[in-house]
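Q: work.cif (mmCIF, C-alpha atoms) pasted underneath:
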```cif
data_run
#
loop_
_atom_site.label_atom_id
_atom_site.label_comp_id
_atom_site.auth_asym_id
_atom_site.auth_seq_id
_atom_site.Cartn_x
_atom_site.Cartn_y
_atom_site.Cartn_z
CA MET Y 1 26.69 -17.82 -14.41
CA SER Y 2 25.15 -14.72 -12.87
CA ILE Y 3 22.88 -12.53 -14.96
CA SER Y 4 23.64 -8.82 -14.89
CA ASN Y 5 21.05 -6.46 -13.44
CA SER Y 6 20.86 -4.55 -16.73
CA PHE Y 7 19.89 -7.74 -18.57
CA LYS Y 8 17.39 -8.62 -15.85
CA HIS Y 9 15.89 -5.18 -16.21
CA LEU Y 10 15.62 -5.56 -19.98
CA ILE Y 11 13.63 -8.77 -19.47
CA PHE Y 12 11.55 -7.10 -16.80
CA ARG Y 13 10.67 -4.14 -19.04
CA ARG Y 14 9.35 -6.54 -21.66
CA TYR Y 15 7.28 -8.22 -18.98
CA ARG Y 16 6.07 -4.81 -17.73
CA ASP Y 17 5.03 -3.77 -21.24
CA LYS Y 18 3.01 -6.97 -21.63
CA GLU Y 19 1.36 -6.42 -18.25
CA ILE Y 20 0.37 -2.90 -19.26
CA GLU Y 21 -0.99 -4.15 -22.58
CA ARG Y 22 -3.08 -6.87 -20.90
CA HIS Y 23 -3.95 -4.77 -17.81
CA ASN Y 24 -5.54 -7.69 -15.99
CA LEU Y 25 -7.17 -6.57 -12.76
CA ASN Y 26 -5.98 -8.67 -9.82
CA TYR Y 27 -6.12 -6.34 -6.80
CA LEU Y 28 -9.01 -4.09 -5.79
CA PHE Y 29 -9.03 -1.67 -2.86
CA TRP Y 30 -12.36 -0.76 -1.32
CA GLU Y 31 -12.27 2.42 0.74
CA CYS Y 32 -15.27 1.43 2.81
CA THR Y 33 -15.22 4.47 5.12
CA LEU Y 34 -13.40 7.75 5.68
CA ARG Y 35 -14.15 7.63 9.40
CA CYS Y 36 -11.25 6.86 11.68
CA ASN Y 37 -10.73 6.49 15.43
CA LEU Y 38 -7.22 7.98 15.22
CA SER Y 39 -5.81 11.21 13.83
CA CYS Y 40 -2.43 10.11 12.50
CA LEU Y 41 0.08 12.78 11.59
CA HIS Y 42 0.99 11.07 8.32
CA CYS Y 43 -2.51 10.24 7.06
CA GLY Y 44 -2.63 10.60 3.28
CA SER Y 45 -6.44 10.66 3.27
CA ASP Y 46 -6.85 13.16 6.12
CA CYS Y 47 -9.46 10.90 7.75
CA LEU Y 48 -11.55 12.17 10.65
CA LYS Y 49 -13.61 10.69 13.49
CA ASN Y 50 -16.77 12.09 11.89
CA SER Y 51 -16.47 12.23 8.11
CA GLU Y 52 -18.76 14.35 5.97
CA GLN Y 53 -18.68 11.52 3.44
CA ASN Y 54 -21.11 8.69 4.24
CA ASP Y 55 -19.86 5.12 4.23
CA MET Y 56 -20.53 3.29 0.99
CA PRO Y 57 -23.34 0.74 1.48
CA VAL Y 58 -22.24 -2.89 1.12
CA GLU Y 59 -24.84 -3.50 -1.58
CA ASP Y 60 -23.31 -0.76 -3.74
CA PHE Y 61 -19.89 -2.39 -3.56
CA VAL Y 62 -21.42 -5.81 -4.20
CA LYS Y 63 -22.74 -4.46 -7.52
CA VAL Y 64 -19.13 -3.69 -8.44
CA LEU Y 65 -18.14 -7.28 -7.61
CA ASP Y 66 -21.02 -8.67 -9.67
CA ASP Y 67 -20.02 -6.50 -12.60
CA ILE Y 68 -16.41 -7.67 -12.35
CA LYS Y 69 -17.53 -11.29 -12.18
CA SER Y 70 -20.06 -11.17 -15.03
CA SER Y 71 -17.87 -9.12 -17.37
CA GLY Y 72 -14.79 -11.29 -16.88
CA THR Y 73 -12.77 -8.25 -15.83
CA ALA Y 74 -10.92 -10.41 -13.29
CA ASP Y 75 -10.66 -14.18 -12.90
CA LYS Y 76 -8.63 -14.12 -9.70
CA LEU Y 77 -9.09 -11.09 -7.50
CA THR Y 78 -8.01 -10.05 -4.04
CA VAL Y 79 -10.10 -7.35 -2.37
CA CYS Y 80 -8.39 -5.21 0.26
CA ILE Y 81 -10.86 -3.42 2.53
CA THR Y 82 -9.43 -0.24 3.95
CA GLY Y 83 -10.41 3.25 5.03
CA GLY Y 84 -10.32 5.22 7.27
CA GLU Y 85 -10.56 2.46 9.82
CA PRO Y 86 -12.65 -0.41 8.38
CA LEU Y 87 -13.34 -1.97 11.80
CA LEU Y 88 -15.62 0.97 12.58
CA ARG Y 89 -18.13 -0.66 10.26
CA ARG Y 90 -20.30 -3.37 11.80
CA ASP Y 91 -21.15 -4.94 8.45
CA LEU Y 92 -17.66 -5.97 7.30
CA GLU Y 93 -18.61 -9.59 7.77
CA GLN Y 94 -21.55 -9.15 5.41
CA ALA Y 95 -19.21 -7.63 2.82
CA GLY Y 96 -16.69 -10.42 3.34
CA ILE Y 97 -19.26 -13.14 2.84
CA GLU Y 98 -20.39 -11.51 -0.42
CA ILE Y 99 -16.79 -11.29 -1.62
CA ARG Y 100 -16.21 -14.98 -0.90
CA LYS Y 101 -19.48 -15.96 -2.59
CA ARG Y 102 -18.07 -14.59 -5.83
CA GLY Y 103 -14.86 -16.59 -5.46
CA PHE Y 104 -12.61 -13.69 -4.49
CA ARG Y 105 -10.21 -13.43 -1.57
CA TRP Y 106 -10.25 -10.56 0.89
CA GLY Y 107 -8.37 -8.94 3.73
CA ILE Y 108 -8.22 -5.65 5.62
CA VAL Y 109 -5.75 -2.95 6.63
CA THR Y 110 -6.32 -1.81 10.21
CA ASN Y 111 -4.80 0.18 13.04
CA GLY Y 112 -5.97 -2.59 15.39
CA LEU Y 113 -7.32 -0.18 18.00
CA ILE Y 114 -10.73 -1.84 18.41
CA LEU Y 115 -10.01 -5.39 17.27
CA SER Y 116 -11.34 -7.81 19.89
CA GLN Y 117 -10.85 -11.57 19.81
CA GLU Y 118 -14.57 -12.00 19.15
CA ARG Y 119 -14.44 -9.64 16.16
CA PHE Y 120 -11.27 -11.25 14.84
CA TYR Y 121 -12.86 -14.70 14.68
CA SER Y 122 -16.06 -13.23 13.28
CA LEU Y 123 -14.06 -11.82 10.37
CA ILE Y 124 -12.21 -15.12 9.94
CA ASN Y 125 -15.55 -16.97 9.78
CA ALA Y 126 -16.65 -14.51 7.09
CA GLY Y 127 -13.72 -15.61 4.93
CA MET Y 128 -10.98 -13.10 5.75
CA THR Y 129 -7.58 -14.54 4.78
CA SER Y 130 -5.20 -11.64 5.47
CA MET Y 131 -4.64 -8.61 7.68
CA SER Y 132 -2.16 -5.76 7.59
CA PHE Y 133 -1.44 -3.81 10.76
CA SER Y 134 0.02 -0.32 11.00
CA LEU Y 135 2.92 -0.47 13.48
CA ASP Y 136 5.24 2.50 13.45
CA GLY Y 137 7.94 1.67 15.95
CA PHE Y 138 8.11 1.25 19.70
CA GLU Y 139 5.44 2.64 22.01
CA GLN Y 140 6.69 6.23 22.21
CA GLN Y 141 7.29 6.62 18.46
CA HIS Y 142 4.16 4.77 17.38
CA ASN Y 143 1.83 6.63 19.74
CA HIS Y 144 3.28 9.98 18.73
CA LEU Y 145 2.62 9.34 15.04
CA ARG Y 146 -0.83 7.92 15.79
CA GLN Y 147 -1.70 10.67 18.32
CA SER Y 148 -2.99 8.13 20.85
CA ASN Y 149 -1.65 6.81 24.15
CA LEU Y 150 -3.43 3.47 23.67
CA SER Y 151 -2.59 2.70 20.05
CA PHE Y 152 0.63 0.71 20.57
CA GLN Y 153 -0.81 -1.46 23.32
CA LYS Y 154 -3.93 -2.22 21.28
CA VAL Y 155 -2.22 -2.96 17.99
CA MET Y 156 0.30 -5.28 19.66
CA ALA Y 157 -2.58 -7.28 21.17
CA SER Y 158 -4.12 -7.48 17.69
CA VAL Y 159 -0.83 -8.56 16.12
CA LYS Y 160 -0.47 -11.31 18.74
CA MET Y 161 -3.92 -12.64 17.85
CA ALA Y 162 -2.98 -12.75 14.17
CA ALA Y 163 0.42 -14.33 14.88
CA ASP Y 164 -1.12 -17.07 17.01
CA PHE Y 165 -3.83 -17.81 14.45
CA SER Y 166 -1.42 -17.79 11.50
CA LYS Y 167 0.33 -20.85 12.95
CA ASN Y 168 -2.69 -22.84 11.74
CA GLY Y 169 -1.85 -21.91 8.13
CA ASN Y 170 -4.02 -20.38 5.38
CA PHE Y 171 -3.83 -16.95 6.97
CA MET Y 172 -1.35 -14.20 6.22
CA PHE Y 173 -0.58 -11.04 8.14
CA ASP Y 174 2.08 -8.39 8.04
CA VAL Y 175 2.99 -5.13 9.70
CA ILE Y 176 3.50 -1.87 7.86
CA THR Y 177 5.90 0.72 9.26
CA CYS Y 178 6.06 4.35 8.22
CA VAL Y 179 9.68 5.40 8.68
CA ASN Y 180 10.06 8.95 9.88
CA ARG Y 181 12.59 11.00 11.78
CA PHE Y 182 11.19 9.93 15.17
CA ASN Y 183 11.59 6.17 14.66
CA PHE Y 184 14.56 6.09 12.27
CA ASP Y 185 17.26 5.48 14.88
CA THR Y 186 15.28 2.67 16.52
CA LEU Y 187 14.99 0.49 13.39
CA PRO Y 188 17.69 -2.11 14.29
CA ASP Y 189 16.19 -2.69 17.75
CA PHE Y 190 12.68 -2.63 16.29
CA ARG Y 191 13.67 -5.35 13.82
CA LYS Y 192 14.79 -7.56 16.70
CA PHE Y 193 11.54 -6.79 18.52
CA LEU Y 194 9.42 -7.84 15.53
CA ILE Y 195 11.34 -11.08 15.07
CA ASN Y 196 10.91 -11.94 18.75
CA LYS Y 197 7.15 -11.30 18.44
CA GLY Y 198 6.84 -13.87 15.67
CA ILE Y 199 6.27 -11.36 12.87
CA ARG Y 200 7.55 -12.83 9.61
CA HIS Y 201 6.41 -10.25 7.06
CA TRP Y 202 7.27 -6.56 7.29
CA ARG Y 203 6.74 -3.65 4.90
CA ILE Y 204 8.35 -0.23 5.15
CA PHE Y 205 7.31 2.97 3.45
CA SER Y 206 8.38 6.58 3.81
CA ILE Y 207 6.37 9.78 4.22
CA PHE Y 208 5.02 11.37 1.06
CA PRO Y 209 3.27 14.76 0.97
CA GLU Y 210 -0.45 14.06 0.64
CA GLY Y 211 -3.46 14.69 2.86
CA ARG Y 212 -2.59 15.45 6.47
CA ALA Y 213 0.98 14.29 5.81
CA ASP Y 214 1.45 17.23 3.47
CA SER Y 215 1.27 19.78 6.29
CA ASN Y 216 3.48 17.61 8.54
CA PHE Y 217 5.95 16.52 5.85
CA ASN Y 218 8.92 18.66 6.92
CA ASP Y 219 8.49 17.66 10.57
CA LEU Y 220 8.27 13.94 9.81
CA SER Y 221 10.41 13.17 6.77
CA ILE Y 222 13.92 11.79 7.03
CA SER Y 223 16.96 13.44 5.43
CA ARG Y 224 18.52 12.37 2.15
CA LEU Y 225 21.41 10.76 4.02
CA GLN Y 226 18.96 8.88 6.23
CA TYR Y 227 17.05 7.76 3.14
CA ARG Y 228 20.18 6.08 1.77
CA GLN Y 229 20.84 4.60 5.21
CA LEU Y 230 17.27 3.28 5.19
CA MET Y 231 17.93 1.48 1.90
CA ASP Y 232 21.11 -0.01 3.40
CA PHE Y 233 19.14 -1.14 6.46
CA ILE Y 234 16.50 -2.85 4.33
CA ALA Y 235 19.13 -4.51 2.14
CA GLU Y 236 20.97 -5.76 5.23
CA THR Y 237 17.76 -7.07 6.78
CA ARG Y 238 16.88 -9.01 3.64
CA LYS Y 239 20.39 -10.46 3.32
CA VAL Y 240 21.23 -11.23 6.95
CA PHE Y 241 17.84 -11.70 8.62
CA GLY Y 242 15.81 -12.94 5.65
CA SER Y 243 15.19 -16.35 7.16
CA GLN Y 244 13.63 -14.73 10.22
CA ILE Y 245 11.68 -11.82 8.74
CA HIS Y 246 10.87 -10.94 5.15
CA LEU Y 247 11.12 -7.19 4.55
CA ASN Y 248 10.08 -5.22 1.47
CA TYR Y 249 10.27 -1.52 0.74
CA SER Y 250 7.11 0.02 -0.71
CA CYS Y 251 6.55 0.42 -4.44
CA GLU Y 252 7.15 4.15 -4.12
CA GLY Y 253 9.73 4.76 -6.83
CA TYR Y 254 12.75 3.64 -8.85
CA LEU Y 255 15.84 3.13 -6.69
CA GLY Y 256 18.74 2.60 -9.10
CA ASP Y 257 21.36 0.24 -7.66
CA TYR Y 258 19.07 -0.69 -4.78
CA GLU Y 259 16.56 -2.35 -7.10
CA LEU Y 260 16.09 -6.04 -6.09
CA LYS Y 261 18.15 -5.38 -2.95
CA VAL Y 262 15.26 -3.84 -1.02
CA ARG Y 263 12.25 -5.36 -2.81
CA ASP Y 264 11.37 -8.72 -4.33
CA TYR Y 265 10.72 -7.06 -7.68
CA PHE Y 266 11.83 -4.20 -9.90
CA PHE Y 267 9.92 -0.96 -9.39
CA PHE Y 268 6.59 -1.02 -11.23
CA CYS Y 269 3.72 1.31 -10.35
CA ARG Y 270 0.77 -0.98 -11.09
CA ALA Y 271 -1.91 1.64 -10.37
CA GLY Y 272 -4.41 1.35 -13.22
CA VAL Y 273 -2.50 -1.63 -14.66
CA ASN Y 274 -3.35 -4.41 -12.21
CA ILE Y 275 -4.66 -2.36 -9.30
CA ALA Y 276 -7.83 -0.30 -8.95
CA SER Y 277 -9.67 1.34 -6.09
CA VAL Y 278 -13.27 2.18 -5.36
CA MET Y 279 -13.29 5.24 -3.14
CA CYS Y 280 -15.84 5.96 -0.46
CA ASP Y 281 -17.81 8.35 -2.69
CA GLY Y 282 -17.84 5.92 -5.62
CA ASN Y 283 -14.94 7.49 -7.51
CA VAL Y 284 -12.60 5.03 -9.18
CA THR Y 285 -8.82 5.46 -9.30
CA GLY Y 286 -5.61 3.40 -9.30
CA CYS Y 287 -4.38 2.69 -5.79
CA LEU Y 288 -5.88 4.75 -2.97
CA SER Y 289 -2.77 6.92 -2.71
CA VAL Y 290 -3.58 8.22 -6.22
CA ARG Y 291 -6.24 10.75 -5.23
CA ALA Y 292 -5.59 13.75 -7.49
CA LYS Y 293 -8.58 14.95 -9.50
CA ASP Y 294 -6.78 14.40 -12.82
CA PHE Y 295 -6.50 10.69 -12.09
CA ILE Y 296 -10.08 9.90 -11.11
CA GLN Y 297 -11.31 7.66 -13.93
CA GLY Y 298 -15.03 7.61 -13.29
CA ASN Y 299 -17.65 6.86 -10.67
CA ILE Y 300 -19.56 3.63 -10.06
CA TYR Y 301 -22.79 5.58 -9.59
CA ASN Y 302 -22.54 6.88 -13.17
CA GLN Y 303 -21.23 3.86 -15.10
CA SER Y 304 -20.21 0.27 -14.53
CA PHE Y 305 -16.81 -0.49 -13.05
CA SER Y 306 -15.91 -2.80 -15.95
CA GLU Y 307 -16.59 -0.02 -18.47
CA ILE Y 308 -14.30 2.27 -16.51
CA TRP Y 309 -11.57 -0.36 -16.22
CA ASN Y 310 -11.69 -1.37 -19.87
CA ASN Y 311 -12.19 2.05 -21.47
CA ARG Y 312 -10.41 4.51 -19.20
CA TYR Y 313 -7.07 4.46 -17.32
CA GLN Y 314 -5.10 5.43 -20.43
CA ILE Y 315 -3.08 7.99 -18.46
CA MET Y 316 -1.95 5.27 -16.05
CA ARG Y 317 -1.07 2.80 -18.81
CA ASP Y 318 0.70 5.30 -21.07
CA ARG Y 319 2.72 7.63 -18.89
CA THR Y 320 4.52 9.61 -21.55
CA TRP Y 321 2.73 12.69 -20.17
CA ALA Y 322 4.98 12.39 -17.09
CA LYS Y 323 8.17 12.83 -19.15
CA SER Y 324 8.45 16.49 -18.26
CA GLY Y 325 10.25 18.68 -15.74
CA LYS Y 326 13.09 16.81 -14.05
CA CYS Y 327 11.96 13.59 -15.81
CA ALA Y 328 12.22 15.06 -19.34
CA ASP Y 329 15.90 14.26 -19.95
CA CYS Y 330 16.38 11.51 -17.37
CA LYS Y 331 18.42 8.56 -18.67
CA GLN Y 332 16.54 6.25 -16.29
CA TRP Y 333 13.10 7.10 -17.71
CA ASN Y 334 12.48 3.66 -19.25
CA LYS Y 335 13.09 2.03 -15.87
CA CYS Y 336 11.01 4.50 -13.87
CA LEU Y 337 8.23 5.99 -16.08
CA GLY Y 338 7.97 9.04 -13.87
CA ASN Y 339 7.92 7.37 -10.44
CA GLY Y 340 4.78 6.35 -8.52
CA MET Y 341 1.49 7.87 -9.67
CA HIS Y 342 0.79 9.05 -6.12
CA LEU Y 343 3.74 11.45 -6.36
CA HIS Y 344 2.01 13.49 -9.06
CA ALA Y 345 -0.48 16.14 -7.94
CA GLY Y 346 -1.84 16.32 -11.49
CA LEU Y 347 -1.04 15.84 -15.16
CA HIS Y 348 1.06 18.99 -15.33
CA SER Y 349 2.50 19.19 -11.83
CA GLY Y 350 5.72 17.26 -12.31
CA VAL Y 351 6.83 14.58 -9.86
CA ALA Y 352 6.89 15.71 -6.21
CA ARG Y 353 9.81 13.48 -5.28
CA CYS Y 354 12.45 11.57 -7.22
CA ASN Y 355 13.73 8.68 -5.15
CA LEU Y 356 16.79 8.22 -7.34
CA GLU Y 357 17.66 11.90 -6.92
CA GLU Y 358 17.33 11.53 -3.15
CA LEU Y 359 19.79 8.65 -3.21
CA ASN Y 360 22.27 10.18 -5.64
CA ASN Y 361 22.46 13.46 -3.72
CA SER Y 362 22.70 12.01 -0.23
#
```
Reformat the file's structure so that it appears as structure tokens.
A:
Amino acid sequence: MSISNSFKHLIFRRYRDKEIERHNLNYLFWECTLRCNLSCLHCGSDCLKNSEQNDMPVEDFVKVLDDIKSSGTADKLTVCITGGEPLLRRDLEQAGIEIRKRGFRWGIVTNGLILSQERFYSLINAGMTSMSFSLDGFEQQHNHLRQSNLSFQKVMASVKMAADFSKNGNFMFDVITCVNRFNFDTLPDFRKFLINKGIRHWRIFSIFPEGRADSNFNDLSISRLQYRQLMDFIAETRKVFGSQIHLNYSCEGYLGDYELKVRDYFFFCRAGVNIASVMCDGNVTGCLSVRAKDFIQGNIYNQSFSEIWNNRYQIMRDRTWAKSGKCADCKQWNKCLGNGMHLHAGLHSGVARCNLEELNNS
């Protein structure tokens, strides 16, 4: 007997409430640099080749790990090193070794532009167990978004290294694609391309107005009709091609009837619930897309991370403040809780984008 989606969602909401109550930390982003060797049109952090913000020293981040370990804030933790472009740092291996010493797993998100075979195996030897590569379509579309004529060629060489190594087991990699109006029509052919390249895990997200992407949003974003077509494409890929490539849509927002069709899970913004981030300047937030001043919970140079995690984050665990504006009278509030935190510019701004509204009005 099949279980209705409404009953599944009732069970899920009980699970979600328990997760919020426990708020066990299991995923930590470290923004190790704001320097980047690309100038992507959709960058939410507005990273630059030469950042005014210095890289955080490894030893400062290690103090965070020691605090997490000694305080019991997390038993099992995955650290995701990101930026900027983390490969610009020459001491990632040192950081990785320190992460592994404390019993935590780690991986990186990279554009792959400067990943050599020597560096790849150096990172593996330092305990890296996962990599995520930004790959935004075929050469023309990818290079346009990344503002580089070499980016596609370089990232594909990096993906091949990861694909070959992953055959040995105990190593995971995926590609992340930002869907925009320039690559939208190529998605079916791009899916075939990824499958033929041995890529088994694929994530898709859409443009949201933050950082450099804010000024380019109207030029890059897809239409409401295309957004619904994107959901249909993801649902079809999961149903028809699921044995060849596993595709998930990002945790951007509640999707109504598309829930569980385009993701493995019901929508749940875990920022501040299970996910935290240490930013390059020491500020602490939820995920790194949640950068608004109202949502910065503290700074590791002023207090311990565990104190911040245990005593702050109330606004991410109780989101009744978000029940305003278009969310105030929404009948789907209990399933959505005001959409992803990253779509709020502040406590009183209202949500920048309602995914359900996009779908219902397409």
Q: Quick one, how far is atom CA of Y:Val109 from atom CA of Y:Leu88?
A: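 Separation between atom CA of Y:Val109 and atom CA of Y:Leu88: 12.2 Å.
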Q: Could you tell me how far atom CA of Y:Thr177 sits from atom CA of Y:His42, in Å to one decimal place?
A: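 Computing the Euclidean distance for atom CA of Y:His42 and atom CA of Y:Thr177 yields 11.5 Å.
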Q: Find the residue from Y:His201, Y:Lys69, Y:Lys239, Y:His23 that sits nearest to Y:Gln314; use all atoms listed in the file when measuring.
A: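 Checking each candidate against Y:Gln314, we get Y:His23 as the closest.
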Q: Would you pick out the contacts of Y:Phe182 at 7 Å or less, using all atoms listed in the file, so that residues sharing its chain but fewer than 2 positions from it are not included, and give the list as a PyMOL selection string?
A: chain Y and resi 141+180+184
Q: Evaluate the PyMOL selection byres ((chain Y and resi 323-328) around 9) against this structure - the residues, as a PDB file with C-alpha atoms, in the frame of the given file, please.
A:
```pdb
ATOM      1  CA  ARG Y 319       2.720   7.630 -18.890  1.00  0.00           C
ATOM      2  CA  THR Y 320       4.520   9.610 -21.550  1.00  0.00           C
ATOM      3  CA  TRP Y 321       2.730  12.690 -20.170  1.00  0.00           C
ATOM      4  CA  ALA Y 322       4.980  12.390 -17.090  1.00  0.00           C
ATOM      5  CA  ASP Y 329      15.900  14.260 -19.950  1.00  0.00           C
ATOM      6  CA  CYS Y 330      16.380  11.510 -17.370  1.00  0.00           C
ATOM      7  CA  LYS Y 331      18.420   8.560 -18.670  1.00  0.00           C
ATOM      8  CA  GLN Y 332      16.540   6.250 -16.290  1.00  0.00           C
ATOM      9  CA  TRP Y 333      13.100   7.100 -17.710  1.00  0.00           C
ATOM     10  CA  LEU Y 337       8.230   5.990 -16.080  1.00  0.00           C
ATOM     11  CA  GLY Y 338       7.970   9.040 -13.870  1.00  0.00           C
ATOM     12  CA  HIS Y 348       1.060  18.990 -15.330  1.00  0.00           C
ATOM     13  CA  SER Y 349       2.500  19.190 -11.830  1.00  0.00           C
ATOM     14  CA  GLY Y 350       5.720  17.260 -12.310  1.00  0.00           C
ATOM     15  CA  VAL Y 351       6.830  14.580  -9.860  1.00  0.00           C
ATOM     16  CA  CYS Y 354      12.450  11.570  -7.220  1.00  0.00           C
TER      17      CYS Y 354
END
```
Q: What would the selection look like, as an NGL selection string, if the PyMOL selection byres ((chain Y and resi 194) around 12) were run on the coordinates I just shared?
A: :Y and (135-138 or 156 or 159-160 or 163 or 174-177 or 187-193 or 195-203 or 241 or 244-247)
Q: Do you know which residues the PyMOL selection byres ((chain Y and resi 25-33) around 6) returns on this file, as a list in words?
A: Asn24, Leu34, Arg35, Asp55, Met56, Ala74, Leu77, Thr78, Val79, Cys80, Ile81, Thr82, Gly83, Gly84, Asn274, Ile275, Ala276, Ser277, Val278, Met279 and Cys280 of chain Y
Q: Contacts of Y:Ser148 at 8 Å or less, counting only C-alpha atoms, minus same-chain residues fewer than 4 places along, as a list of chain:residue names?
A: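 What passes the distance filter is Y:Leu38, Y:Asn143, Y:His144.
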Q: Using only C-alpha atoms, pick whichever of Y:Arg238, Y:Arg312, Y:Lys335, Y:Arg89 has the shortest atom-to-atom distance to Y:Gln297.
A: Y:Arg312
